[in-house]
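Student: The structure is given below, and queries will be raised subsequently.
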Amino acid sequence: MEPAEGPGELGFHGDEEIIEVVELGPPGPDDLADEMEDVDFDDEGAEEPDAEAWETEDDEGVEDGMEAQDDSEVTFSLHSASVFCVSLDPKTNTLAVTGGEDDKAFVWRVSDGELLFECSGHKDSVTCAGFSHDSVFVATGDMSGLIKVWRVDTKEEVWSFEVGDLEWMEWHPQAHVLLAGTADGNSWMWKIPSGDCKTFQGPACPATCGRILPDGKRAVVGYEDGTMRIWDLKQGTSLHVLKGQDGHQDPLTCVASNQDGSLIMTGSVDCHAKLVNSATGKVVCVFKMESTAPKAPAGEGEEAESNSVESLGFCNVMPLAAVGYLDGTLAIYDLSTQSLRHKCQHESGIVQLLWEESSAVVYTCSLDGAVRLWDARSGKMISEYRGHSAEILDFAVNKDASIVVTTSGDHQAKVFCVQRPDR
């Protein structure tokens with residue numbers, strides 16, 4: 001905390017300084033604001049070293065880069081803590097649902113940020129939220145395992161259920177069926193709103209990620225012990241298990257499938273992404289990231305913790321896959337040659353990536369608070385959008401790729417218009 005004098009003093013004096021601030025009341029922050037204004041208006045040059053000193057967060061510095069520039073059209077600010085998740089309603093793309101650390105979830109209009117209704121009753125951070133395939137229902141799930149489903153048109157809760165600590169949750173692509181994975185290794189499947197239930201018992205460790213395959217008949221689930229299972233949803237049996245050399249050496253972080261479900265990709269803390277044939281359960285190839293100069297903060301732990309696969313996905317229009325790493329690398333792999341095509345470097349860790357539905361454009365959001373669009377054919381950045389004053393934790397892209405909705409540690413969700421002139 002060396003850069004600014006205020007925080008420096010706070011660090012040295014500890015409790016003494018905090019008591020002082022409490023006693024002083026409003027004048028304390030005002031004085032601080034005056035000091036900051038002085039820096040802004042009287043001495044432009046003083047910003048330079050300041051920005052450098054804050055380099056740990058971002059090149060531009062949180063205080064001027066991230067705060068000042070706001071490219072967003074709409075800001076939703078009803079959350080009072082970090083906003084962890086966002087989904088758009090699939091049918092119209094006009095509604096968003098967001099969940100946050102404030103134990104709240106809201107359904108709101110994307111066009112103007114107007115609140116439609118609050119999904120009330122959660123007692124822990126809401127980490128999962130999503131609409132059913134036809135936008136009739138919205139489901140919200142909190143960390144403690146309380147899952148609630150609401151009917152969007154009547155704004156009424158129609159179903160709720162409590163499982164163990166929740167890891168992930170997903171709607172079926174064609175039916176009112178909800179799938180969720182929990183910390184005890186189980187995956188749960190319910191018919192909504194009847195609540196008919198089926199469980200899929202995994203190993204005795206968290207089911208860390210999961211995805212229903214496009215055929216709607218199978219699901220792929222990744223576990224903390226590095227194994228991956230492909231489940232038959234109707235029979236409740238496991239069709240394929242990848243473990244040992246075929247599995248990962250560390251917990252799985254993400255899974256994805258291509259458009260027809262023939263290929264699955266798994267990502268892990270071990271920095272490997274594995275391409276798997278979903279019909280045979282065989283590993284087709286392994287993409288390994290040669291470790292670049294470690295970007296992780298020194299002393300944070302072993303190499304394994306300093307980098308990991310955070311997100312991945314398949315392109316719909318070309319045989320390409322993208323893998324996003326915690327060290328800020330976006331790797332574009334060519335599936336036909338099974339080789340690295342492009343490496344796009346970010347200043348800080350990638351949180352999530354998404355492909356446009358009908359082009360070779362991949363979107364990334366990262367810990368520096370920016371959304372970036374990349375042309376996967378050339379490996380070049382197309383554009384960058386800022387507006388958050390903290391890391392982006394989740395984002396969603398609408399069907400025609402005209403808007404991006406982001407959620408952040410700054411307690412806000414934002415809507416960015418990304419319509420490009422070349423369309």
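In the structure tokens, chains take the letters A, B, ... in the order shown, each chain's residues start at 1, and ligands count up from 1 in the order shown.
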Please provide as a list in words all residues within 9 Å of A:Leu367, with the sequence filter that same-chain residues fewer than 2 positions apart are discarded (counting only C-alpha atoms).
Tutor: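 My list of contacting residues is Glu57, Asp58, Gly328, Glu347, Ser348, Gly349, Ile350, Val351, Cys365, Gly369, Ala370, Ala390, Glu391, Ile392 and Leu393 of chain A.
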Student: Excluding A:Lys380 and its own-chain neighbours fewer than 2 positions away, which residues fall within 12 Å of it when counting only C-alpha atoms? Please give them as a short mmCIF file (atom, residue, chain, number, x, y, z; two decimals) with N, CA, C and O atoms, in the first residue's frame.
Tutor:
data_model
loop_
_atom_site.label_atom_id
_atom_site.label_comp_id
_atom_site.auth_asym_id
_atom_site.auth_seq_id
_atom_site.Cartn_x
_atom_site.Cartn_y
_atom_site.Cartn_z
N LEU A 330 -4.74 -16.19 -23.48
CA LEU A 330 -5.85 -16.77 -24.24
C LEU A 330 -5.21 -17.57 -25.36
O LEU A 330 -4.51 -17.02 -26.21
N ALA A 331 -5.42 -18.89 -25.35
CA ALA A 331 -4.83 -19.74 -26.38
C ALA A 331 -5.93 -20.18 -27.34
O ALA A 331 -6.98 -20.66 -26.91
N ILE A 332 -5.69 -19.98 -28.64
CA ILE A 332 -6.62 -20.45 -29.67
C ILE A 332 -5.99 -21.68 -30.31
O ILE A 332 -4.89 -21.61 -30.87
N ARG A 341 -2.73 -22.13 -32.37
CA ARG A 341 -2.81 -21.21 -33.51
C ARG A 341 -2.42 -19.79 -33.11
O ARG A 341 -1.69 -19.11 -33.81
N HIS A 342 -2.95 -19.32 -31.99
CA HIS A 342 -2.64 -17.97 -31.51
C HIS A 342 -2.55 -17.95 -30.00
O HIS A 342 -3.22 -18.71 -29.32
N LYS A 343 -1.72 -17.02 -29.51
CA LYS A 343 -1.63 -16.78 -28.08
C LYS A 343 -1.89 -15.30 -27.88
O LYS A 343 -1.14 -14.46 -28.39
N CYS A 344 -2.97 -14.96 -27.19
CA CYS A 344 -3.32 -13.56 -26.98
C CYS A 344 -3.11 -13.25 -25.50
O CYS A 344 -3.73 -13.87 -24.64
N GLN A 345 -2.23 -12.31 -25.22
CA GLN A 345 -1.85 -12.06 -23.83
C GLN A 345 -2.68 -10.95 -23.20
O GLN A 345 -2.90 -9.91 -23.81
N HIS A 346 -3.16 -11.20 -21.99
CA HIS A 346 -3.88 -10.19 -21.20
C HIS A 346 -2.96 -9.72 -20.07
O HIS A 346 -2.07 -10.45 -19.65
N ALA A 360 -16.15 -16.27 -35.72
CA ALA A 360 -14.92 -16.70 -35.04
C ALA A 360 -14.40 -15.60 -34.12
O ALA A 360 -13.21 -15.29 -34.09
N VAL A 361 -15.31 -15.00 -33.38
CA VAL A 361 -14.93 -13.96 -32.42
C VAL A 361 -15.09 -14.51 -31.02
O VAL A 361 -16.14 -15.08 -30.68
N VAL A 362 -14.06 -14.35 -30.20
CA VAL A 362 -14.13 -14.84 -28.82
C VAL A 362 -14.02 -13.65 -27.86
O VAL A 362 -13.26 -12.71 -28.11
N TYR A 363 -14.85 -13.68 -26.82
CA TYR A 363 -14.89 -12.62 -25.83
C TYR A 363 -14.19 -13.11 -24.57
O TYR A 363 -14.37 -14.26 -24.18
N ARG A 372 -12.88 -7.97 -23.59
CA ARG A 372 -12.17 -7.82 -24.86
C ARG A 372 -12.73 -8.77 -25.90
O ARG A 372 -13.13 -9.88 -25.58
N LEU A 373 -12.74 -8.31 -27.14
CA LEU A 373 -13.18 -9.13 -28.27
C LEU A 373 -11.96 -9.45 -29.12
O LEU A 373 -11.18 -8.54 -29.46
N TRP A 374 -11.79 -10.73 -29.46
CA TRP A 374 -10.63 -11.18 -30.22
C TRP A 374 -11.07 -11.87 -31.51
O TRP A 374 -12.02 -12.65 -31.50
N ASP A 375 -10.37 -11.59 -32.58
CA ASP A 375 -10.59 -12.30 -33.83
C ASP A 375 -9.74 -13.56 -33.80
O ASP A 375 -8.51 -13.48 -33.83
N ALA A 376 -10.38 -14.72 -33.70
CA ALA A 376 -9.63 -15.97 -33.53
C ALA A 376 -8.87 -16.35 -34.79
O ALA A 376 -7.93 -17.15 -34.74
N ARG A 377 -9.25 -15.78 -35.94
CA ARG A 377 -8.53 -16.11 -37.17
C ARG A 377 -7.16 -15.43 -37.20
O ARG A 377 -6.16 -16.02 -37.57
N SER A 378 -7.14 -14.16 -36.77
CA SER A 378 -5.87 -13.42 -36.82
C SER A 378 -5.16 -13.38 -35.47
O SER A 378 -3.97 -13.11 -35.39
N ILE A 382 -10.02 -7.05 -31.28
CA ILE A 382 -10.91 -6.20 -32.08
C ILE A 382 -11.29 -4.95 -31.29
O ILE A 382 -11.23 -3.84 -31.79
N SER A 383 -11.68 -5.15 -30.04
CA SER A 383 -12.05 -4.00 -29.21
C SER A 383 -12.00 -4.36 -27.74
O SER A 383 -11.91 -5.53 -27.36
N GLU A 384 -12.08 -3.29 -26.92
CA GLU A 384 -11.98 -3.45 -25.48
C GLU A 384 -13.01 -2.53 -24.84
O GLU A 384 -13.19 -1.40 -25.29
#
Student: Mind listing the strand (DSSP E or B) residues of stretch 143-370 of chain A, per DSSP on the backbone, as an NGL selection string?
Tutor: :A and (146-151 or 156-162 or 166-171 or 177-182 or 186-191 or 197-201 or 207-212 or 218-223 or 228-232 or 237-242 or 252-257 or 263-268 or 272-277 or 283-288 or 309-314 or 320-325 or 329-334 or 339-345 or 350-355 or 361-366)
Student: What does the distance between atom CA of A:Gly195 and atom CA of A:Ile230 come to in Å, to one decimal place?
Tutor: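 Computing it gives 23.2 Å between the two atoms.
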Student: Within 12 Å of A:Ala81, counting only C-alpha atoms, which residues qualify if same-chain residues fewer than 3 places away don't, as a PyMOL selection string?
Tutor: chain A and resi 77-78+84+98-105+125-126+390+407-413
Student: Counting only C-alpha atoms, which residue out of A:Lys91, A:Arg218, A:Arg109, A:His122 sits closest to A:Val74?
Tutor: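 For A:Val74, the nearest of the candidates is A:Arg109.
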Student: From a DSSP calculation on the backbone, collect every residue of stretch 29-230 of chain A in helix (DSSP H, G or I) and output the set as number ranges by chain.
Tutor: A: 29-42, 44-53, 61-68
Student: What separation in Å, quoted to one decimal, exists between atom CA of A:His133 and atom CA of A:Leu178?
Tutor: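 Going from atom CA of A:His133 over to atom CA of A:Leu178, I get 10.6 Å.
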Student: For A:Val415, which residue among A:Asp250, A:Asp334, A:Asp142, A:Asp70 is the nearest when counting only C-alpha atoms?
Tutor: A:Asp70
Student: With a distance cut-off of 12 Å and only C-alpha atoms, select the neighbouring residues of A:Ser87, excluding the residue or stretch itself and same-chain residues fewer than 5 positions from it, and output the selection as JSON, numbers by chain.
Tutor: {"A": [93, 94, 95, 96, 97, 98, 99, 105, 106, 107, 108, 109, 110, 127, 128, 129, 130, 131, 132, 133, 135, 138, 139, 140, 169, 170, 171, 394, 395, 396, 397, 398, 404, 405, 406, 407, 413]}
Student: Compile the contact shell of A:Asp153 as a PyMOL selection string: residues with an atom at most 9 Å away, counting only C-alpha atoms, same-chain residues fewer than 3 positions apart removed.
Tutor: chain A and resi 136-137+150+156
Student: Give me, please, the distance in Å between atom CA of A:Leu252 and atom CA of A:Leu353, quoted to one decimal.
Tutor: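 Separating atom CA of A:Leu252 from atom CA of A:Leu353 is a distance of 16.4 Å.
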